file run01.txt (compact mmCIF, N, CA and C atoms)
# COMPACT_ATOMS: atom_id res chain seq x y z
N MET P 65 -89.27 115.87 177.80
CA MET P 65 -90.38 116.37 178.57
C MET P 65 -91.15 117.37 177.72
N VAL P 66 -92.40 117.58 178.08
CA VAL P 66 -93.29 118.47 177.34
C VAL P 66 -93.49 119.76 178.13
N TYR P 67 -93.26 120.90 177.45
CA TYR P 67 -93.52 122.20 178.06
C TYR P 67 -95.03 122.34 178.24
N VAL P 68 -95.47 122.74 179.44
CA VAL P 68 -96.89 122.86 179.72
C VAL P 68 -97.31 124.31 179.89
N ARG P 69 -96.58 125.04 180.74
CA ARG P 69 -96.92 126.45 180.97
C ARG P 69 -95.78 127.11 181.72
N GLU P 70 -95.86 128.44 181.86
CA GLU P 70 -94.91 129.16 182.68
C GLU P 70 -95.62 130.32 183.36
N PHE P 71 -95.04 130.76 184.47
CA PHE P 71 -95.61 131.89 185.19
C PHE P 71 -94.54 132.55 186.04
N VAL P 72 -94.85 133.76 186.53
CA VAL P 72 -93.93 134.53 187.36
C VAL P 72 -94.53 134.63 188.75
N VAL P 73 -93.70 134.45 189.76
CA VAL P 73 -94.11 134.70 191.15
C VAL P 73 -93.47 136.03 191.53
N ASP P 74 -94.32 137.06 191.76
CA ASP P 74 -93.76 138.38 192.05
C ASP P 74 -93.12 138.41 193.44
N ALA P 75 -92.28 139.43 193.68
CA ALA P 75 -91.49 139.52 194.90
C ALA P 75 -92.36 139.55 196.15
N GLU P 76 -93.44 140.30 196.12
CA GLU P 76 -94.31 140.41 197.29
C GLU P 76 -94.93 139.07 197.64
N LYS P 77 -95.45 138.40 196.64
CA LYS P 77 -96.08 137.10 196.87
C LYS P 77 -95.06 136.06 197.32
N ALA P 78 -93.89 136.06 196.69
CA ALA P 78 -92.84 135.12 197.07
C ALA P 78 -92.41 135.32 198.51
N THR P 79 -92.32 136.58 198.94
CA THR P 79 -91.94 136.89 200.32
C THR P 79 -93.04 136.46 201.28
N ARG P 80 -94.28 136.78 200.93
CA ARG P 80 -95.43 136.42 201.79
C ARG P 80 -95.53 134.90 201.96
N MET P 81 -95.22 134.16 200.91
CA MET P 81 -95.32 132.70 200.96
C MET P 81 -94.08 132.04 201.57
N GLY P 82 -93.04 132.83 201.87
CA GLY P 82 -91.83 132.27 202.44
C GLY P 82 -90.91 131.62 201.43
N LEU P 83 -91.09 131.94 200.15
CA LEU P 83 -90.29 131.33 199.09
C LEU P 83 -89.00 132.08 198.81
N SER P 84 -88.99 133.39 199.04
CA SER P 84 -87.78 134.18 198.82
C SER P 84 -87.84 135.40 199.73
N LYS P 85 -86.74 136.14 199.74
CA LYS P 85 -86.67 137.37 200.51
C LYS P 85 -86.74 138.53 199.53
N ASN P 86 -87.98 138.87 199.17
CA ASN P 86 -88.28 139.99 198.28
C ASN P 86 -87.63 139.86 196.90
N GLU P 87 -87.63 138.64 196.36
CA GLU P 87 -87.13 138.40 195.01
C GLU P 87 -88.18 137.68 194.19
N LYS P 88 -88.42 138.18 192.98
CA LYS P 88 -89.34 137.49 192.08
C LYS P 88 -88.60 136.36 191.38
N PHE P 89 -89.35 135.42 190.82
CA PHE P 89 -88.73 134.37 190.03
C PHE P 89 -89.73 133.82 189.03
N ASP P 90 -89.18 133.17 188.01
CA ASP P 90 -89.98 132.58 186.94
C ASP P 90 -90.05 131.07 187.15
N ILE P 91 -91.18 130.49 186.75
CA ILE P 91 -91.35 129.04 186.82
C ILE P 91 -91.81 128.53 185.47
N LYS P 92 -91.15 127.48 184.99
CA LYS P 92 -91.58 126.75 183.80
C LYS P 92 -92.00 125.37 184.25
N VAL P 93 -93.14 124.91 183.75
CA VAL P 93 -93.69 123.61 184.14
C VAL P 93 -93.53 122.64 182.98
N LEU P 94 -92.95 121.47 183.28
CA LEU P 94 -92.75 120.41 182.31
C LEU P 94 -93.42 119.13 182.81
N LYS P 95 -93.80 118.28 181.87
CA LYS P 95 -94.35 116.96 182.20
C LYS P 95 -93.76 115.95 181.22
N LEU P 96 -93.71 114.69 181.64
CA LEU P 96 -93.27 113.66 180.70
C LEU P 96 -94.25 113.51 179.57
N GLU P 97 -95.53 113.72 179.86
CA GLU P 97 -96.56 113.77 178.83
C GLU P 97 -97.62 114.74 179.29
N ASN P 98 -98.26 115.41 178.37
CA ASN P 98 -99.23 116.44 178.72
C ASN P 98 -100.59 115.80 178.98
N SER P 99 -100.73 115.21 180.15
CA SER P 99 -102.00 114.64 180.57
C SER P 99 -102.31 115.13 181.98
N GLU P 100 -103.56 115.11 182.34
CA GLU P 100 -104.01 115.66 183.61
C GLU P 100 -103.32 115.03 184.81
N ASN P 101 -103.08 113.74 184.78
CA ASN P 101 -102.52 113.04 185.94
C ASN P 101 -101.01 112.87 185.90
N SER P 102 -100.35 113.45 184.92
CA SER P 102 -98.90 113.33 184.81
C SER P 102 -98.21 114.22 185.85
N THR P 103 -97.13 113.73 186.42
CA THR P 103 -96.38 114.49 187.41
C THR P 103 -95.73 115.71 186.77
N GLU P 104 -95.76 116.85 187.47
CA GLU P 104 -95.17 118.07 186.98
C GLU P 104 -93.78 118.28 187.57
N LEU P 105 -92.89 118.81 186.77
CA LEU P 105 -91.58 119.24 187.22
C LEU P 105 -91.53 120.74 187.01
N LYS P 106 -91.30 121.48 188.08
CA LYS P 106 -91.25 122.94 188.00
C LYS P 106 -89.80 123.39 188.07
N LEU P 107 -89.37 124.10 187.04
CA LEU P 107 -88.03 124.66 186.98
C LEU P 107 -88.10 126.13 187.34
N MET P 108 -87.35 126.53 188.35
CA MET P 108 -87.37 127.91 188.82
C MET P 108 -86.12 128.64 188.37
N SER P 109 -86.29 129.88 187.93
CA SER P 109 -85.18 130.70 187.49
C SER P 109 -85.17 131.98 188.32
N PHE P 110 -84.03 132.22 188.99
CA PHE P 110 -83.90 133.40 189.84
C PHE P 110 -83.05 134.49 189.19
N HIS P 111 -82.60 134.26 187.98
CA HIS P 111 -81.84 135.24 187.19
C HIS P 111 -80.56 135.69 187.87
N LYS P 112 -79.92 134.79 188.60
CA LYS P 112 -78.62 135.10 189.18
C LYS P 112 -77.87 133.80 189.38
N LYS P 113 -76.57 133.88 189.45
CA LYS P 113 -75.76 132.68 189.66
C LYS P 113 -75.87 132.24 191.12
N THR P 114 -75.81 130.94 191.30
CA THR P 114 -75.81 130.40 192.65
C THR P 114 -74.41 130.55 193.25
N ASN P 115 -74.34 130.64 194.55
CA ASN P 115 -73.03 130.70 195.18
C ASN P 115 -72.59 129.33 195.70
N LEU P 116 -73.33 128.30 195.30
CA LEU P 116 -72.95 126.94 195.64
C LEU P 116 -71.92 126.44 194.63
N SER P 117 -70.97 125.67 195.10
CA SER P 117 -70.01 125.11 194.17
C SER P 117 -70.62 123.90 193.48
N LYS P 118 -70.23 123.69 192.25
CA LYS P 118 -70.77 122.57 191.49
C LYS P 118 -70.21 121.26 192.04
N GLN P 119 -71.10 120.34 192.33
CA GLN P 119 -70.67 119.06 192.85
C GLN P 119 -70.21 118.15 191.73
N LYS P 120 -69.27 117.27 192.04
CA LYS P 120 -68.79 116.30 191.07
C LYS P 120 -69.40 114.93 191.31
N PHE P 121 -69.75 114.64 192.57
CA PHE P 121 -70.33 113.36 192.94
C PHE P 121 -71.46 113.59 193.94
N LEU P 122 -72.33 112.63 194.12
CA LEU P 122 -73.49 112.77 194.99
C LEU P 122 -73.18 113.27 196.40
N PRO P 123 -72.17 112.74 197.09
CA PRO P 123 -71.94 113.19 198.47
C PRO P 123 -71.39 114.61 198.60
N ASP P 124 -71.14 115.29 197.48
CA ASP P 124 -70.53 116.62 197.52
C ASP P 124 -71.50 117.73 197.92
N GLY P 125 -72.79 117.44 198.04
CA GLY P 125 -73.74 118.50 198.40
C GLY P 125 -74.98 117.94 199.05
N ASN P 126 -75.63 118.76 199.85
CA ASN P 126 -76.88 118.37 200.51
C ASN P 126 -78.07 118.93 199.74
N GLY P 127 -79.26 118.45 200.07
CA GLY P 127 -80.47 118.94 199.43
C GLY P 127 -80.88 118.04 198.28
N ILE P 128 -81.87 118.48 197.54
CA ILE P 128 -82.33 117.73 196.39
C ILE P 128 -81.34 117.97 195.27
N ARG P 129 -80.55 116.96 194.98
CA ARG P 129 -79.47 117.10 194.01
C ARG P 129 -79.50 116.01 192.95
N TYR P 130 -80.57 115.19 192.95
CA TYR P 130 -80.60 114.04 192.06
C TYR P 130 -82.03 113.80 191.62
N LEU P 131 -82.22 113.61 190.32
CA LEU P 131 -83.55 113.41 189.77
C LEU P 131 -83.52 112.19 188.85
N SER P 132 -84.46 111.28 189.04
CA SER P 132 -84.59 110.10 188.18
C SER P 132 -85.81 110.28 187.29
N ILE P 133 -85.61 110.10 185.99
CA ILE P 133 -86.71 110.23 185.04
C ILE P 133 -86.79 108.93 184.24
N PHE P 134 -87.93 108.29 184.30
CA PHE P 134 -88.16 107.04 183.56
C PHE P 134 -88.81 107.37 182.23
N VAL P 135 -88.23 106.86 181.15
CA VAL P 135 -88.70 107.15 179.81
C VAL P 135 -88.91 105.85 179.04
N LYS P 136 -89.71 105.93 177.98
CA LYS P 136 -89.94 104.75 177.15
C LYS P 136 -88.71 104.41 176.34
N SER P 137 -88.04 105.46 175.82
CA SER P 137 -86.86 105.25 174.98
C SER P 137 -85.81 106.31 175.28
N LEU P 138 -84.56 105.91 175.31
CA LEU P 138 -83.46 106.86 175.51
C LEU P 138 -83.04 107.55 174.23
N GLU P 139 -83.43 107.03 173.08
CA GLU P 139 -82.94 107.57 171.81
C GLU P 139 -83.22 109.07 171.66
N PRO P 140 -84.45 109.56 171.87
CA PRO P 140 -84.66 111.01 171.72
C PRO P 140 -83.91 111.82 172.78
N ILE P 141 -83.74 111.25 173.97
CA ILE P 141 -82.99 111.92 175.02
C ILE P 141 -81.52 112.04 174.60
N LEU P 142 -80.95 110.96 174.12
CA LEU P 142 -79.54 110.97 173.69
C LEU P 142 -79.32 111.93 172.52
N GLU P 143 -80.28 112.01 171.62
CA GLU P 143 -80.18 112.95 170.50
C GLU P 143 -80.11 114.39 171.00
N ARG P 144 -80.96 114.72 171.99
CA ARG P 144 -80.96 116.09 172.54
C ARG P 144 -79.69 116.36 173.34
N ILE P 145 -79.20 115.35 174.06
CA ILE P 145 -77.95 115.51 174.81
C ILE P 145 -76.82 115.83 173.84
N GLU P 146 -76.73 115.08 172.75
CA GLU P 146 -75.69 115.31 171.75
C GLU P 146 -75.86 116.68 171.08
N LYS P 147 -77.08 116.99 170.68
CA LYS P 147 -77.36 118.25 169.98
C LYS P 147 -76.97 119.46 170.82
N ASN P 148 -77.15 119.36 172.15
CA ASN P 148 -76.88 120.47 173.06
C ASN P 148 -75.51 120.38 173.73
N ASN P 149 -74.68 119.45 173.25
CA ASN P 149 -73.32 119.30 173.78
C ASN P 149 -73.28 119.12 175.29
N ILE P 150 -74.16 118.29 175.80
CA ILE P 150 -74.20 117.99 177.23
C ILE P 150 -73.33 116.78 177.47
N LYS P 151 -72.47 116.88 178.46
CA LYS P 151 -71.55 115.80 178.78
C LYS P 151 -72.28 114.67 179.50
N LYS P 152 -72.11 113.46 179.02
CA LYS P 152 -72.62 112.28 179.71
C LYS P 152 -71.59 111.88 180.75
N LEU P 153 -72.06 111.49 181.94
CA LEU P 153 -71.16 111.14 183.03
C LEU P 153 -70.89 109.64 183.07
N GLY P 154 -69.74 109.28 183.58
CA GLY P 154 -69.38 107.87 183.69
C GLY P 154 -69.30 107.23 182.31
N GLN P 155 -69.55 105.98 182.27
CA GLN P 155 -69.56 105.23 181.02
C GLN P 155 -71.01 105.00 180.61
N THR P 156 -71.72 106.10 180.41
CA THR P 156 -73.13 106.00 180.05
C THR P 156 -73.32 106.48 178.63
N PRO P 157 -74.33 105.95 177.92
CA PRO P 157 -75.36 105.05 178.44
C PRO P 157 -74.81 103.64 178.71
N THR P 158 -75.45 102.99 179.66
CA THR P 158 -75.06 101.64 180.03
C THR P 158 -76.32 100.85 180.40
N MET P 159 -76.20 99.55 180.38
CA MET P 159 -77.34 98.69 180.72
C MET P 159 -77.37 98.47 182.24
N LEU P 160 -78.56 98.61 182.83
CA LEU P 160 -78.75 98.30 184.25
C LEU P 160 -79.00 96.81 184.44
N ASP P 161 -79.70 96.24 183.50
CA ASP P 161 -79.99 94.80 183.49
C ASP P 161 -80.30 94.42 182.05
N GLU P 162 -80.99 93.31 181.82
CA GLU P 162 -81.26 92.86 180.45
C GLU P 162 -82.15 93.82 179.65
N LYS P 163 -82.97 94.61 180.33
CA LYS P 163 -83.94 95.46 179.62
C LYS P 163 -83.70 96.95 179.80
N ARG P 164 -83.24 97.37 180.95
CA ARG P 164 -83.19 98.81 181.26
C ARG P 164 -81.83 99.43 180.95
N LYS P 165 -81.90 100.60 180.27
CA LYS P 165 -80.71 101.36 179.91
C LYS P 165 -80.69 102.64 180.75
N PHE P 166 -79.48 103.11 181.08
CA PHE P 166 -79.28 104.23 182.00
C PHE P 166 -78.30 105.23 181.40
N VAL P 167 -78.59 106.53 181.55
CA VAL P 167 -77.63 107.58 181.19
C VAL P 167 -77.69 108.65 182.29
N LEU P 168 -76.53 109.24 182.60
CA LEU P 168 -76.43 110.23 183.67
C LEU P 168 -75.80 111.50 183.13
N ILE P 169 -76.42 112.65 183.47
CA ILE P 169 -75.90 113.97 183.11
C ILE P 169 -76.02 114.87 184.34
N GLN P 170 -75.51 116.10 184.21
CA GLN P 170 -75.72 117.12 185.23
C GLN P 170 -76.31 118.36 184.57
N ASP P 171 -77.21 119.05 185.30
CA ASP P 171 -77.75 120.30 184.80
C ASP P 171 -76.74 121.42 185.07
N PRO P 172 -77.00 122.65 184.60
CA PRO P 172 -76.03 123.73 184.79
C PRO P 172 -75.70 124.04 186.26
N ASP P 173 -76.59 123.69 187.19
CA ASP P 173 -76.33 123.93 188.61
C ASP P 173 -75.62 122.75 189.27
N GLY P 174 -75.35 121.70 188.51
CA GLY P 174 -74.65 120.55 189.06
C GLY P 174 -75.55 119.45 189.58
N ASN P 175 -76.88 119.61 189.45
CA ASN P 175 -77.79 118.55 189.87
C ASN P 175 -77.67 117.36 188.93
N PHE P 176 -77.66 116.17 189.51
CA PHE P 176 -77.56 114.96 188.71
C PHE P 176 -78.93 114.58 188.17
N ILE P 177 -78.99 114.18 186.91
CA ILE P 177 -80.24 113.75 186.29
C ILE P 177 -79.96 112.41 185.61
N GLU P 178 -80.70 111.40 186.03
CA GLU P 178 -80.56 110.09 185.39
C GLU P 178 -81.82 109.80 184.59
N PHE P 179 -81.61 109.23 183.41
CA PHE P 179 -82.71 108.78 182.57
C PHE P 179 -82.61 107.27 182.51
N ILE P 180 -83.74 106.60 182.76
CA ILE P 180 -83.79 105.14 182.72
C ILE P 180 -84.88 104.74 181.75
N SER P 181 -84.53 103.90 180.79
CA SER P 181 -85.52 103.43 179.82
C SER P 181 -85.71 101.94 179.95
N SER P 182 -86.82 101.50 179.42
CA SER P 182 -87.11 100.05 179.41
C SER P 182 -87.12 99.54 177.97
N GLU P 183 -86.14 99.99 177.19
CA GLU P 183 -86.03 99.63 175.78
C GLU P 183 -85.84 98.14 175.60

call {"tool": "encode", "arguments": {"input": "run01.txt", "output": "structure tokens"}}
result
Amino acid sequence: MVYVREFVVDAEKATRMGLSKNEKFDIKVLKLENSENSTELKLMSFHKKTNLSKQKFLPDGNGIRYLSIFVKSLEPILERIEKNNIKKLGQTPTMLDEKRKFVLIQDPDGNFIEFISSE
């Protein structure tokens, strides 16, 4: 993904908007490509550990816990996964069908992230 921008939501504004209870947070914005119509993914940092337990499988938690990202090639993704010592889950990468390849990881909060390519 491509880093686009970042910003801070101050505590007063976050409280007024119903986003937090008097806590500020940082947001980093990423896109698959830096174009006007590309979908944005906003990563929020609250500078504290979550009190949720890390899930091992999808049914272990409620809420948005799974993200699918479609990419042209898995090779750069796999290189970054290896470089950053991120554990691949299951027997991935694996083929979904004759053309599409799949890899599954978890972020530090336990959210599942799947990458699907059409290599």

call {"tool": "select_by_dssp", "arguments": {"input": "run01.txt", "residues": "region 72-181 of chain P", "states": "helix (DSSP H, G or I)", "output": "JSON list (two decimals) with N, CA and C atoms, keeping the file's coordinate frame"}}
result
[["chain", "number", "residue", "atom", "x", "y", "z"],
["P", 75, "ALA", "N", -92.28, 139.43, 193.68],
["P", 75, "ALA", "CA", -91.49, 139.52, 194.90],
["P", 75, "ALA", "C", -92.36, 139.55, 196.15],
["P", 76, "GLU", "N", -93.44, 140.30, 196.12],
["P", 76, "GLU", "CA", -94.31, 140.41, 197.29],
["P", 76, "GLU", "C", -94.93, 139.07, 197.64],
["P", 77, "LYS", "N", -95.45, 138.40, 196.64],
["P", 77, "LYS", "CA", -96.08, 137.10, 196.87],
["P", 77, "LYS", "C", -95.06, 136.06, 197.32],
["P", 78, "ALA", "N", -93.89, 136.06, 196.69],
["P", 78, "ALA", "CA", -92.84, 135.12, 197.07],
["P", 78, "ALA", "C", -92.41, 135.32, 198.51],
["P", 79, "THR", "N", -92.32, 136.58, 198.94],
["P", 79, "THR", "CA", -91.94, 136.89, 200.32],
["P", 79, "THR", "C", -93.04, 136.46, 201.28],
["P", 80, "ARG", "N", -94.28, 136.78, 200.93],
["P", 80, "ARG", "CA", -95.43, 136.42, 201.79],
["P", 80, "ARG", "C", -95.53, 134.90, 201.96],
["P", 122, "LEU", "N", -72.33, 112.63, 194.12],
["P", 122, "LEU", "CA", -73.49, 112.77, 194.99],
["P", 122, "LEU", "C", -73.18, 113.27, 196.40],
["P", 123, "PRO", "N", -72.17, 112.74, 197.09],
["P", 123, "PRO", "CA", -71.94, 113.19, 198.47],
["P", 123, "PRO", "C", -71.39, 114.61, 198.60],
["P", 124, "ASP", "N", -71.14, 115.29, 197.48],
["P", 124, "ASP", "CA", -70.53, 116.62, 197.52],
["P", 124, "ASP", "C", -71.50, 117.73, 197.92],
["P", 139, "GLU", "N", -83.43, 107.03, 173.08],
["P", 139, "GLU", "CA", -82.94, 107.57, 171.81],
["P", 139, "GLU", "C", -83.22, 109.07, 171.66],
["P", 140, "PRO", "N", -84.45, 109.56, 171.87],
["P", 140, "PRO", "CA", -84.66, 111.01, 171.72],
["P", 140, "PRO", "C", -83.91, 111.82, 172.78],
["P", 141, "ILE", "N", -83.74, 111.25, 173.97],
["P", 141, "ILE", "CA", -82.99, 111.92, 175.02],
["P", 141, "ILE", "C", -81.52, 112.04, 174.60],
["P", 142, "LEU", "N", -80.95, 110.96, 174.12],
["P", 142, "LEU", "CA", -79.54, 110.97, 173.69],
["P", 142, "LEU", "C", -79.32, 111.93, 172.52],
["P", 143, "GLU", "N", -80.28, 112.01, 171.62],
["P", 143, "GLU", "CA", -80.18, 112.95, 170.50],
["P", 143, "GLU", "C", -80.11, 114.39, 171.00],
["P", 144, "ARG", "N", -80.96, 114.72, 171.99],
["P", 144, "ARG", "CA", -80.96, 116.09, 172.54],
["P", 144, "ARG", "C", -79.69, 116.36, 173.34],
["P", 145, "ILE", "N", -79.20, 115.35, 174.06],
["P", 145, "ILE", "CA", -77.95, 115.51, 174.81],
["P", 145, "ILE", "C", -76.82, 115.83, 173.84],
["P", 146, "GLU", "N", -76.73, 115.08, 172.75],
["P", 146, "GLU", "CA", -75.69, 115.31, 171.75],
["P", 146, "GLU", "C", -75.86, 116.68, 171.08],
["P", 147, "LYS", "N", -77.08, 116.99, 170.68],
["P", 147, "LYS", "CA", -77.36, 118.25, 169.98],
["P", 147, "LYS", "C", -76.97, 119.46, 170.82]]

call {"tool": "atom_distance", "arguments": {"input": "run01.txt", "atom1": "atom C of Thr103 (chain P)", "atom2": "atom C of Ile150 (chain P)"}}
result
24.3 Å

call {"tool": "select_by_dssp", "arguments": {"input": "run01.txt", "residues": "chain P", "states": "strand (DSSP E)", "output": "ChimeraX atom specification"}}
result
/P:66-73,89-95,104-109,130-135,158-159,165-170,176-181

call {"tool": "atom_distance", "arguments": {"input": "run01.txt", "atom1": "CA of His111 (chain P)", "atom2": "CA of Ile91 (chain P)"}}
result
11.4 Å

call {"tool": "atom_distance", "arguments": {"input": "run01.txt", "atom1": "atom N of Val68 (chain P)", "atom2": "atom C of Phe134 (chain P)"}}
result
17.0 Å

call {"tool": "build_atoms", "arguments": {"input": "run01.txt", "residues": "region 167-178 of chain P", "atoms": "N, CA, C and O atoms", "output": "compact mmCIF listing (two decimals), in the coordinates of the input"}}
result
# COMPACT_ATOMS: atom_id res chain seq x y z
N VAL P 167 -78.59 106.53 181.55
CA VAL P 167 -77.63 107.58 181.19
C VAL P 167 -77.69 108.65 182.29
O VAL P 167 -78.76 108.92 182.85
N LEU P 168 -76.53 109.24 182.60
CA LEU P 168 -76.43 110.23 183.67
C LEU P 168 -75.80 111.50 183.13
O LEU P 168 -74.78 111.47 182.43
N ILE P 169 -76.42 112.65 183.47
CA ILE P 169 -75.90 113.97 183.11
C ILE P 169 -76.02 114.87 184.34
O ILE P 169 -76.56 114.47 185.36
N GLN P 170 -75.51 116.10 184.21
CA GLN P 170 -75.72 117.12 185.23
C GLN P 170 -76.31 118.36 184.57
O GLN P 170 -75.96 118.70 183.44
N ASP P 171 -77.21 119.05 185.30
CA ASP P 171 -77.75 120.30 184.80
C ASP P 171 -76.74 121.42 185.07
O ASP P 171 -75.71 121.19 185.70
N PRO P 172 -77.00 122.65 184.60
CA PRO P 172 -76.03 123.73 184.79
C PRO P 172 -75.70 124.04 186.26
O PRO P 172 -74.65 124.59 186.55
N ASP P 173 -76.59 123.69 187.19
CA ASP P 173 -76.33 123.93 188.61
C ASP P 173 -75.62 122.75 189.27
O ASP P 173 -75.35 122.78 190.47
N GLY P 174 -75.35 121.70 188.51
CA GLY P 174 -74.65 120.55 189.06
C GLY P 174 -75.55 119.45 189.58
O GLY P 174 -75.07 118.45 190.09
N ASN P 175 -76.88 119.61 189.45
CA ASN P 175 -77.79 118.55 189.87
C ASN P 175 -77.67 117.36 188.93
O ASN P 175 -77.60 117.54 187.72
N PHE P 176 -77.66 116.17 189.51
CA PHE P 176 -77.56 114.96 188.71
C PHE P 176 -78.93 114.58 188.17
O PHE P 176 -79.93 114.62 188.91
N ILE P 177 -78.99 114.18 186.91
CA ILE P 177 -80.24 113.75 186.29
C ILE P 177 -79.96 112.41 185.61
O ILE P 177 -79.08 112.33 184.75
N GLU P 178 -80.70 111.40 186.03
CA GLU P 178 -80.56 110.09 185.39
C GLU P 178 -81.82 109.80 184.59
O GLU P 178 -82.92 110.15 185.01
